[in-house]
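Coordinates from final19.txt are shown below (compact mmCIF, C-alpha atoms).
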# COMPACT_ATOMS: atom_id res chain seq x y z
CA MET B 1 -28.67 -11.97 0.73
CA PHE B 2 -25.19 -12.73 -0.55
CA ASP B 3 -23.97 -12.77 -4.13
CA ASP B 4 -23.86 -16.42 -5.21
CA GLY B 5 -20.91 -16.04 -7.59
CA ARG B 6 -23.02 -16.50 -10.74
CA TYR B 7 -23.05 -12.83 -11.61
CA PRO B 8 -21.90 -12.14 -15.21
CA SER B 9 -18.18 -11.67 -15.83
CA PRO B 10 -16.76 -8.12 -15.90
CA LYS B 11 -16.64 -8.23 -19.72
CA GLN B 12 -20.25 -9.38 -19.99
CA THR B 13 -21.31 -6.78 -17.44
CA LEU B 14 -19.61 -3.95 -19.32
CA ASP B 15 -20.68 -5.15 -22.76
CA ALA B 16 -24.33 -5.31 -21.68
CA ARG B 17 -24.16 -1.61 -20.81
CA GLY B 18 -22.06 -0.51 -23.76
CA LEU B 19 -19.12 0.28 -21.48
CA ARG B 20 -15.39 -0.23 -21.91
CA PRO B 21 -12.54 -0.32 -19.38
CA ARG B 22 -11.14 3.17 -18.83
CA LYS B 23 -7.39 3.51 -19.12
CA ARG B 24 -7.39 6.79 -17.23
CA PHE B 25 -8.61 4.90 -14.15
CA GLY B 26 -6.17 2.03 -14.71
CA GLN B 27 -9.06 -0.44 -14.92
CA ASN B 28 -8.19 -4.15 -15.08
CA PHE B 29 -11.01 -6.15 -13.55
CA LEU B 30 -10.47 -9.38 -11.63
CA VAL B 31 -12.28 -12.16 -13.50
CA ASP B 32 -11.45 -15.38 -11.63
CA PRO B 33 -13.66 -15.86 -8.53
CA ARG B 34 -11.11 -18.29 -7.08
CA PHE B 35 -8.58 -15.48 -6.72
CA ALA B 36 -11.24 -13.22 -5.23
CA ARG B 37 -12.03 -15.85 -2.61
CA ARG B 38 -8.35 -16.29 -1.76
CA VAL B 39 -7.97 -12.56 -1.21
CA ALA B 40 -11.11 -12.42 0.94
CA GLU B 41 -9.96 -15.39 3.01
CA SER B 42 -6.68 -13.58 3.71
CA ILE B 43 -8.42 -11.12 6.04
CA PRO B 44 -9.88 -11.97 9.45
CA ARG B 45 -13.47 -13.15 9.39
CA ASP B 46 -16.03 -10.59 10.60
CA SER B 47 -13.79 -7.68 9.58
CA PHE B 48 -14.93 -4.18 8.71
CA VAL B 49 -13.44 -3.78 5.22
CA VAL B 50 -12.72 -0.81 3.01
CA GLU B 51 -12.33 -1.97 -0.60
CA ILE B 52 -10.47 0.37 -2.93
CA GLY B 53 -11.59 0.26 -6.56
CA ALA B 54 -14.56 -2.13 -6.41
CA GLY B 55 -15.00 -2.22 -10.22
CA THR B 56 -17.85 -4.55 -11.16
CA GLY B 57 -17.87 -6.21 -7.73
CA SER B 58 -15.97 -9.48 -8.20
CA LEU B 59 -13.87 -9.01 -5.09
CA THR B 60 -16.68 -7.17 -3.29
CA ALA B 61 -18.86 -10.29 -3.48
CA ALA B 62 -16.13 -12.48 -1.99
CA LEU B 63 -15.46 -9.95 0.77
CA ALA B 64 -19.17 -9.73 1.61
CA ALA B 65 -19.19 -13.44 2.38
CA GLN B 66 -16.31 -12.99 4.83
CA ALA B 67 -16.76 -9.53 6.38
CA ARG B 68 -19.31 -7.94 8.71
CA HIS B 69 -19.40 -4.82 6.55
CA VAL B 70 -17.78 -3.75 3.26
CA VAL B 71 -17.41 -0.14 2.17
CA ALA B 72 -16.84 -0.45 -1.59
CA LEU B 73 -15.12 2.64 -3.01
CA GLU B 74 -15.32 3.34 -6.75
CA ILE B 75 -14.48 6.47 -8.72
CA ASP B 76 -16.19 5.53 -12.02
CA ARG B 77 -19.77 6.84 -12.12
CA ASP B 78 -20.90 4.11 -14.55
CA LEU B 79 -19.57 1.36 -12.32
CA ILE B 80 -21.33 2.82 -9.29
CA ASP B 81 -24.61 1.98 -11.02
CA VAL B 82 -23.36 -1.57 -11.68
CA LEU B 83 -22.36 -2.03 -8.04
CA ARG B 84 -25.57 -0.63 -6.62
CA GLU B 85 -27.61 -2.90 -8.82
CA ARG B 86 -25.54 -5.94 -7.95
CA PHE B 87 -25.61 -5.40 -4.18
CA ARG B 88 -28.95 -3.64 -3.72
CA ALA B 89 -30.28 -6.54 -1.62
CA ASN B 90 -27.05 -7.09 0.32
CA SER B 91 -27.02 -5.18 3.60
CA VAL B 92 -23.35 -5.98 4.17
CA VAL B 93 -22.15 -3.86 1.23
CA GLU B 94 -22.12 -0.06 1.21
CA VAL B 95 -21.23 1.47 -2.16
CA ARG B 96 -19.60 4.91 -2.32
CA ARG B 97 -18.57 6.95 -5.33
CA CYS B 98 -15.32 8.66 -4.42
CA ASP B 99 -11.63 9.05 -5.16
CA ALA B 100 -9.72 6.85 -2.72
CA LEU B 101 -6.95 9.45 -2.62
CA GLU B 102 -9.39 12.03 -1.30
CA THR B 103 -11.53 9.99 1.07
CA ASP B 104 -10.73 9.99 4.79
CA LEU B 105 -9.71 6.35 5.25
CA ARG B 106 -8.48 7.00 8.77
CA ALA B 107 -11.85 8.36 9.90
CA ASP B 108 -13.76 5.44 8.37
CA LEU B 109 -11.55 2.83 10.01
CA ALA B 110 -11.00 4.56 13.37
CA ALA B 111 -14.76 4.67 13.96
CA GLN B 112 -15.01 0.87 13.78
CA ARG B 113 -14.10 -1.92 16.15
CA ALA B 114 -11.43 -4.46 15.22
CA PRO B 115 -10.80 -6.40 13.11
CA ARG B 116 -10.52 -3.82 10.33
CA ALA B 117 -9.04 -4.36 6.89
CA ILE B 118 -8.31 -2.64 3.60
CA CYS B 119 -8.38 -4.56 0.31
CA GLY B 120 -8.23 -3.83 -3.37
CA ASN B 121 -6.74 -4.23 -6.80
CA LEU B 122 -4.70 -1.03 -6.72
CA PRO B 123 -4.48 0.97 -9.98
CA TYR B 124 -0.79 1.08 -10.96
CA TYR B 125 -0.76 4.83 -11.53
CA ILE B 126 -1.73 5.68 -7.95
CA THR B 127 -0.32 2.68 -6.08
CA THR B 128 2.42 4.58 -4.25
CA PRO B 129 0.39 7.59 -3.05
CA LEU B 130 -2.40 5.23 -1.97
CA LEU B 131 0.00 3.00 -0.05
CA GLU B 132 1.56 5.99 1.65
CA ARG B 133 -1.84 7.14 2.93
CA ILE B 134 -2.77 3.61 3.98
CA VAL B 135 0.40 2.75 5.91
CA GLU B 136 0.39 6.13 7.65
CA ALA B 137 -3.01 5.08 9.08
CA ALA B 138 -1.69 1.69 10.19
CA ASP B 139 -2.75 2.36 13.77
CA VAL B 140 -6.44 2.07 12.82
CA TRP B 141 -6.44 -1.20 10.85
CA GLU B 142 -5.15 -4.74 11.39
CA THR B 143 -4.79 -6.21 7.88
CA ALA B 144 -4.34 -4.90 4.35
CA VAL B 145 -4.40 -7.17 1.29
CA PHE B 146 -3.67 -5.77 -2.16
CA MET B 147 -3.16 -6.87 -5.74
CA VAL B 148 -0.26 -4.93 -7.23
CA GLN B 149 2.07 -5.34 -10.19
CA ARG B 150 4.51 -8.19 -9.52
CA GLU B 151 7.51 -5.90 -9.90
CA TYR B 152 5.98 -3.56 -7.33
CA ALA B 153 5.43 -6.47 -4.92
CA ARG B 154 9.12 -7.34 -5.22
CA ARG B 155 10.01 -3.76 -4.32
CA LEU B 156 7.77 -3.89 -1.26
CA ALA B 157 9.40 -7.06 0.06
CA ALA B 158 12.98 -6.35 -1.12
CA ARG B 159 16.01 -6.75 1.12
CA PRO B 160 19.03 -4.44 1.42
CA ASN B 161 21.66 -4.49 -1.31
CA THR B 162 19.32 -5.91 -3.97
CA ASP B 163 18.17 -4.27 -7.20
CA ASP B 164 14.55 -3.95 -6.03
CA TYR B 165 15.43 -2.39 -2.67
CA GLY B 166 14.66 1.30 -2.29
CA SER B 167 12.96 3.95 -0.21
CA LEU B 168 9.57 2.28 -0.77
CA SER B 169 10.87 -0.97 0.76
CA VAL B 170 12.12 0.80 3.89
CA TYR B 171 9.23 3.25 4.17
CA VAL B 172 6.50 0.60 4.03
CA GLY B 173 8.66 -1.81 6.04
CA TYR B 174 8.84 0.72 8.86
CA TYR B 175 5.06 0.77 9.26
CA CYS B 176 4.24 -2.84 8.34
CA THR B 177 5.53 -6.33 7.75
CA VAL B 178 5.03 -7.35 4.12
CA GLU B 179 4.08 -10.87 3.07
CA LYS B 180 3.64 -12.04 -0.51
CA LEU B 181 0.65 -14.42 -0.66
CA PHE B 182 0.36 -15.54 -4.28
CA ASP B 183 0.70 -14.51 -7.92
CA VAL B 184 -2.07 -13.71 -10.40
CA GLY B 185 -1.28 -14.00 -14.09
CA ALA B 186 -2.40 -11.47 -16.67
CA ALA B 187 -5.19 -13.84 -17.75
CA GLY B 188 -6.83 -13.31 -14.37
CA PHE B 189 -7.93 -9.82 -15.39
CA TYR B 190 -10.05 -8.11 -18.04
CA PRO B 191 -8.58 -6.55 -20.01
CA ALA B 192 -5.38 -8.56 -19.57
CA PRO B 193 -2.61 -6.22 -18.43
CA THR B 194 0.86 -6.33 -19.95
CA VAL B 195 2.38 -7.45 -16.63
CA ALA B 196 1.55 -10.09 -14.03
CA SER B 197 0.35 -9.24 -10.53
CA SER B 198 0.95 -10.44 -6.99
CA VAL B 199 -1.17 -10.35 -3.86
CA VAL B 200 0.55 -9.01 -0.75
CA ARG B 201 -0.59 -8.74 2.85
CA LEU B 202 0.51 -5.94 5.16
CA SER B 203 0.37 -6.20 8.95
CA PRO B 204 1.06 -3.11 11.11
CA ARG B 205 4.09 -3.00 13.41
CA PRO B 206 2.49 -1.91 16.71
CA ASP B 207 5.78 -0.95 18.38
CA ARG B 208 7.45 0.65 15.38
CA ALA B 209 8.17 4.03 17.01
CA ALA B 210 9.27 2.70 20.40
CA SER B 211 12.98 3.39 19.84
CA ILE B 212 12.66 6.35 17.43
CA VAL B 213 13.57 9.84 18.65
CA ASP B 214 11.86 11.67 15.75
CA GLU B 215 9.64 9.65 13.42
CA ALA B 216 9.32 12.43 10.84
CA LEU B 217 13.12 12.77 10.69
CA LEU B 218 13.44 9.01 10.19
CA LEU B 219 11.17 9.14 7.14
CA ARG B 220 13.05 12.13 5.73
CA THR B 221 16.33 10.29 6.28
CA ILE B 222 15.07 7.28 4.33
CA ARG B 223 14.00 9.46 1.40
CA ALA B 224 17.29 11.38 1.44
CA ALA B 225 19.40 8.20 1.39
CA PHE B 226 17.76 7.00 -1.82
CA ALA B 227 17.35 10.34 -3.57
CA GLN B 228 20.65 9.81 -5.42
CA ARG B 229 21.37 6.09 -5.33
CA ARG B 230 24.91 6.33 -6.70
CA LYS B 231 26.04 8.84 -4.09
CA THR B 232 27.41 8.03 -0.67
CA LEU B 233 25.25 8.23 2.43
CA ALA B 234 27.13 11.31 3.66
CA ASN B 235 26.58 13.10 0.35
CA CYS B 236 22.88 12.26 0.29
CA ILE B 237 22.35 13.49 3.86
CA ALA B 238 24.37 16.65 3.23
CA ALA B 239 22.25 17.43 0.16
CA ARG B 240 19.10 17.50 2.33
CA ALA B 241 20.55 19.27 5.37
CA ALA B 242 20.52 23.01 6.04
CA ASP B 243 23.37 24.98 4.47
CA ASP B 244 24.84 25.85 7.87
CA VAL B 245 25.25 22.20 8.91
CA GLY B 246 28.89 21.26 8.44
CA ARG B 247 29.98 18.09 6.71
CA ALA B 248 31.97 17.03 9.76
CA LYS B 249 28.84 17.11 11.92
CA ILE B 250 26.97 14.90 9.46
CA GLU B 251 29.80 12.38 9.20
CA ALA B 252 30.15 12.29 12.99
CA ALA B 253 26.44 11.44 13.34
CA ILE B 254 26.74 8.70 10.72
CA ARG B 255 29.70 7.18 12.58
CA GLU B 256 27.82 7.44 15.87
CA ALA B 257 25.18 5.21 14.26
CA GLY B 258 27.89 2.65 13.55
CA LEU B 259 27.95 3.32 9.82
CA ASP B 260 30.60 4.30 7.29
CA PRO B 261 29.89 7.72 5.70
CA SER B 262 30.97 6.29 2.34
CA ILE B 263 28.32 3.55 2.36
CA ARG B 264 25.31 3.83 0.03
CA GLY B 265 21.74 3.92 1.28
CA GLU B 266 20.78 0.76 -0.59
CA ARG B 267 22.93 -1.27 1.83
CA LEU B 268 21.18 -0.05 4.98
CA ALA B 269 18.47 -2.05 6.73
CA LEU B 270 15.60 -0.48 8.67
CA ASP B 271 17.50 -0.80 11.97
CA ASP B 272 20.42 1.10 10.42
CA PHE B 273 18.11 3.94 9.39
CA ALA B 274 16.63 4.02 12.90
CA ARG B 275 20.06 4.40 14.50
CA LEU B 276 21.08 6.99 11.90
CA SER B 277 18.00 9.18 12.34
CA ASN B 278 18.38 9.02 16.13
CA ALA B 279 22.02 10.10 15.82
CA LEU B 280 21.05 12.95 13.50
CA ALA B 281 18.36 14.06 15.95
CA ARG B 282 20.78 14.05 18.88
CA SER B 283 23.26 16.06 16.80
CA GLY B 284 20.65 18.63 15.87
CA VAL B 285 20.80 17.77 12.17
CA ASP B 286 17.41 18.13 10.45
CA LEU B 287 16.58 17.36 6.84
CA PHE B 288 14.11 18.87 4.43

Translate this file's structure into structure tokens.
Amino acid sequence: MFDDGRYPSPKQTLDARGLRPRKRFGQNFLVDPRFARRVAESIPRDSFVVEIGAGTGSLTAALAAQARHVVALEIDRDLIDVLRERFRANSVVEVRRCDALETDLRADLAAQRAPRAICGNLPYYITTPLLERIVEAADVWETAVFMVQREYARRLAARPNTDDYGSLSVYVGYYCTVEKLFDVGAAGFYPAPTVASSVVRLSPRPDRAASIVDEALLLRTIRAAFAQRRKTLANCIAARAADDVGRAKIEAAIREAGLDPSIRGERLALDDFARLSNALARSGVDLF
């Protein structure tokens, strides 16, 4: 039995139980079922889906009509009762009370056959740590669709030498391709947030590490290059290298990668970082 879309709005649902959105959980509930359907239709049909932050179940209902199974994660004890009541007759939906930052997403997804997907309206205060955990498990899922703050979506999809470009852009871009799907205005949520949101879709890069000598060093190199945006690449790398690594050795590795030591990290594309980390690895330069 699937939810028919006539379930009360998030505000009505909360009001009926004397509940209010909790700021400490970053709760802004999706209210427009049209947006929920568009998100659900952005994942492959018959997917196994992990939904992060199910709330009152607006997106969960849309996902249940598209997926073969939905694991709906929610940290708020009061909302767990709402979800279990709403989906008690729906065998597709499995409701779990847990912190998404502490649950083993990799284990859940690796145990399932493809297609596998992750969806959710990500709370702004944990968006980055959640995304880091999700993209690092990109080998066990095929699609991820998220609602994030519009400014954050611009950072995810940013290109080199732009204001929004940073370590997040390169880090996520190494694991996945990023595609902006559509925008959702503040009125699409309850309570209305102070900023607009965008929906983005991530697709894993299956061959990402094919030409990388040391993947961990690549990621450390990316972080180092953006740690002090106004400093040159050579200065940023030197600041994260061991004390006994000479400046000449660092500059030689940067030149081997075809780069100018005086360039800033914000001008480097992912391919540049790949060549740089490989050159550092061959030179025996590690970063912390």

Hey, which bits of region 63-164 of chain B sit within 10 Å of region 265-281 of chain B, and for each residue what's the closest pair of atoms and how far apart in Å (one decimal), counting only C-alpha atoms, rows by chain and increasing number, as a Markdown table?
| residue | atom | partner | partner_atom | distance |
| --- | --- | --- | --- | --- |
| B:Arg159 | CA | B:Ala269 | CA | 7.7 |
| B:Pro160 | CA | B:Arg267 | CA | 5.0 |
| B:Asn161 | CA | B:Arg267 | CA | 4.7 |
| B:Thr162 | CA | B:Glu266 | CA | 7.6 |
| B:Asp163 | CA | B:Glu266 | CA | 8.7 |
| B:Asp164 | CA | B:Glu266 | CA | 9.5 |

What does the file look like for those residues with C-alpha atoms, as a compact mmCIF listing (two decimals), in the coordinates of the input?
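New file selection-v7.txt:
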# COMPACT_ATOMS: atom_id res chain seq x y z
CA ARG B 159 16.01 -6.75 1.12
CA PRO B 160 19.03 -4.44 1.42
CA ASN B 161 21.66 -4.49 -1.31
CA THR B 162 19.32 -5.91 -3.97
CA ASP B 163 18.17 -4.27 -7.20
CA ASP B 164 14.55 -3.95 -6.03

Separation of CA of Ile75 (chain B) from CA of Gly53 (chain B), in Å and rounded to one decimal: 7.2 Å

Region 176-180 of chain B environment, 12 Å, all atoms listed in the file, sequence neighbours closer than 4 positions dropped, as a VMD selection string: chain B and resid 39 42 131 to 132 134 to 139 141 to 159 168 to 172 184 197 to 209 270

Now that the selection is made, can you save its residues with C-alpha atoms as a tab-separated table (two decimals), in the coordinates of the input?
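Contents of the output file again-v4.tsv:
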chain	number	residue	atom	x	y	z
B	39	VAL	CA	-7.97	-12.56	-1.21
B	42	SER	CA	-6.68	-13.58	3.71
B	131	LEU	CA	0.00	3.00	-0.05
B	132	GLU	CA	1.56	5.99	1.65
B	134	ILE	CA	-2.77	3.61	3.98
B	135	VAL	CA	0.40	2.75	5.91
B	136	GLU	CA	0.39	6.13	7.65
B	137	ALA	CA	-3.01	5.08	9.08
B	138	ALA	CA	-1.69	1.69	10.19
B	139	ASP	CA	-2.75	2.36	13.77
B	141	TRP	CA	-6.44	-1.20	10.85
B	142	GLU	CA	-5.15	-4.74	11.39
B	143	THR	CA	-4.79	-6.21	7.88
B	144	ALA	CA	-4.34	-4.90	4.35
B	145	VAL	CA	-4.40	-7.17	1.29
B	146	PHE	CA	-3.67	-5.77	-2.16
B	147	MET	CA	-3.16	-6.87	-5.74
B	148	VAL	CA	-0.26	-4.93	-7.23
B	149	GLN	CA	2.07	-5.34	-10.19
B	150	ARG	CA	4.51	-8.19	-9.52
B	151	GLU	CA	7.51	-5.90	-9.90
B	152	TYR	CA	5.98	-3.56	-7.33
B	153	ALA	CA	5.43	-6.47	-4.92
B	154	ARG	CA	9.12	-7.34	-5.22
B	155	ARG	CA	10.01	-3.76	-4.32
B	156	LEU	CA	7.77	-3.89	-1.26
B	157	ALA	CA	9.40	-7.06	0.06
B	158	ALA	CA	12.98	-6.35	-1.12
B	159	ARG	CA	16.01	-6.75	1.12
B	168	LEU	CA	9.57	2.28	-0.77
B	169	SER	CA	10.87	-0.97	0.76
B	170	VAL	CA	12.12	0.80	3.89
B	171	TYR	CA	9.23	3.25	4.17
B	172	VAL	CA	6.50	0.60	4.03
B	184	VAL	CA	-2.07	-13.71	-10.40
B	197	SER	CA	0.35	-9.24	-10.53
B	198	SER	CA	0.95	-10.44	-6.99
B	199	VAL	CA	-1.17	-10.35	-3.86
B	200	VAL	CA	0.55	-9.01	-0.75
B	201	ARG	CA	-0.59	-8.74	2.85
B	202	LEU	CA	0.51	-5.94	5.16
B	203	SER	CA	0.37	-6.20	8.95
B	204	PRO	CA	1.06	-3.11	11.11
B	205	ARG	CA	4.09	-3.00	13.41
B	206	PRO	CA	2.49	-1.91	16.71
B	207	ASP	CA	5.78	-0.95	18.38
B	208	ARG	CA	7.45	0.65	15.38
B	209	ALA	CA	8.17	4.03	17.01
B	270	LEU	CA	15.60	-0.48	8.67

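CA of Asp76 (chain B) lies 20.7 Å from CA of Ala64 (chain B).
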
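Interatomic distance, CA of Asp286 (chain B) to CA of Ile250 (chain B): 10.1 Å.
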
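Shortest separation to Glu74 (chain B) among B:Asn90, B:Thr221, B:Ala61, B:Val95 occurs at residue B:Val95, atoms counted being only C-alpha atoms.
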
Can you write out as a tab-separated table which residues of region 4-85 of chain B fall within 9 Å of region 107-127 of chain B, alongside each residue's closest atom pair and its distance in Å to one decimal, counting only C-alpha atoms and ordering rows by chain and ascending residue number?
residue	atom	partner	partner_atom	distance
B:Arg24	CA	B:Tyr125	CA	9.0
B:Phe25	CA	B:Pro123	CA	7.1
B:Gly26	CA	B:Pro123	CA	5.1
B:Gln27	CA	B:Pro123	CA	6.9
B:Asn28	CA	B:Pro123	CA	8.1
B:Phe29	CA	B:Asn121	CA	8.2
B:Leu30	CA	B:Asn121	CA	8.0
B:Val39	CA	B:Cys119	CA	8.2
B:Ala40	CA	B:Cys119	CA	8.3
B:Ile43	CA	B:Ala117	CA	6.8
B:Pro44	CA	B:Pro115	CA	6.7
B:Arg45	CA	B:Pro115	CA	8.2
B:Asp46	CA	B:Pro115	CA	7.2
B:Ser47	CA	B:Pro115	CA	4.8
B:Phe48	CA	B:Arg116	CA	4.7
B:Val49	CA	B:Ala117	CA	4.7
B:Val50	CA	B:Ile118	CA	4.8
B:Glu51	CA	B:Cys119	CA	4.8
B:Ile52	CA	B:Gly120	CA	4.8
B:Gly53	CA	B:Gly120	CA	6.2
B:Ala54	CA	B:Gly120	CA	7.2
B:Leu59	CA	B:Gly120	CA	7.8
B:Leu63	CA	B:Cys119	CA	8.9

Sphere at (22.7, 12.7, 2.5), radius 12 Å, counting all atoms listed in the file: residues as a PyMOL selection string: chain B and resi 220-242+245+247+250-251+253-254+261-265+276-277+280+285-288

Specify the axis-aligned box that encloses all atoms of region 204-216 of chain B listed in the file after padding of 6 Å on each side, stating its centre and edge lengths in Å to one decimal as JSON.
{"center_x": 7.3, "center_y": 4.7, "center_z": 15.6, "size_x": 24.5, "size_y": 27.5, "size_z": 21.6}

Counting all atoms listed in the file, the option among B:Arg255, B:Arg17, B:Arg282, B:Arg37 closest to Gln66 (chain B): B:Arg37

From B:Tyr165, B:Ser58, B:Glu256, B:Leu79, residue lying nearest Arg20 (chain B) [all atoms listed in the file]: B:Leu79

Selection: 10 Å around region 86-89 of chain B, all atoms listed in the file, excl. self and same-chain fewer than 4 positions, as a VMD selection string: chain B and resid 1 to 3 7 56 to 57 60 to 61 64 80 to 82 93 to 95
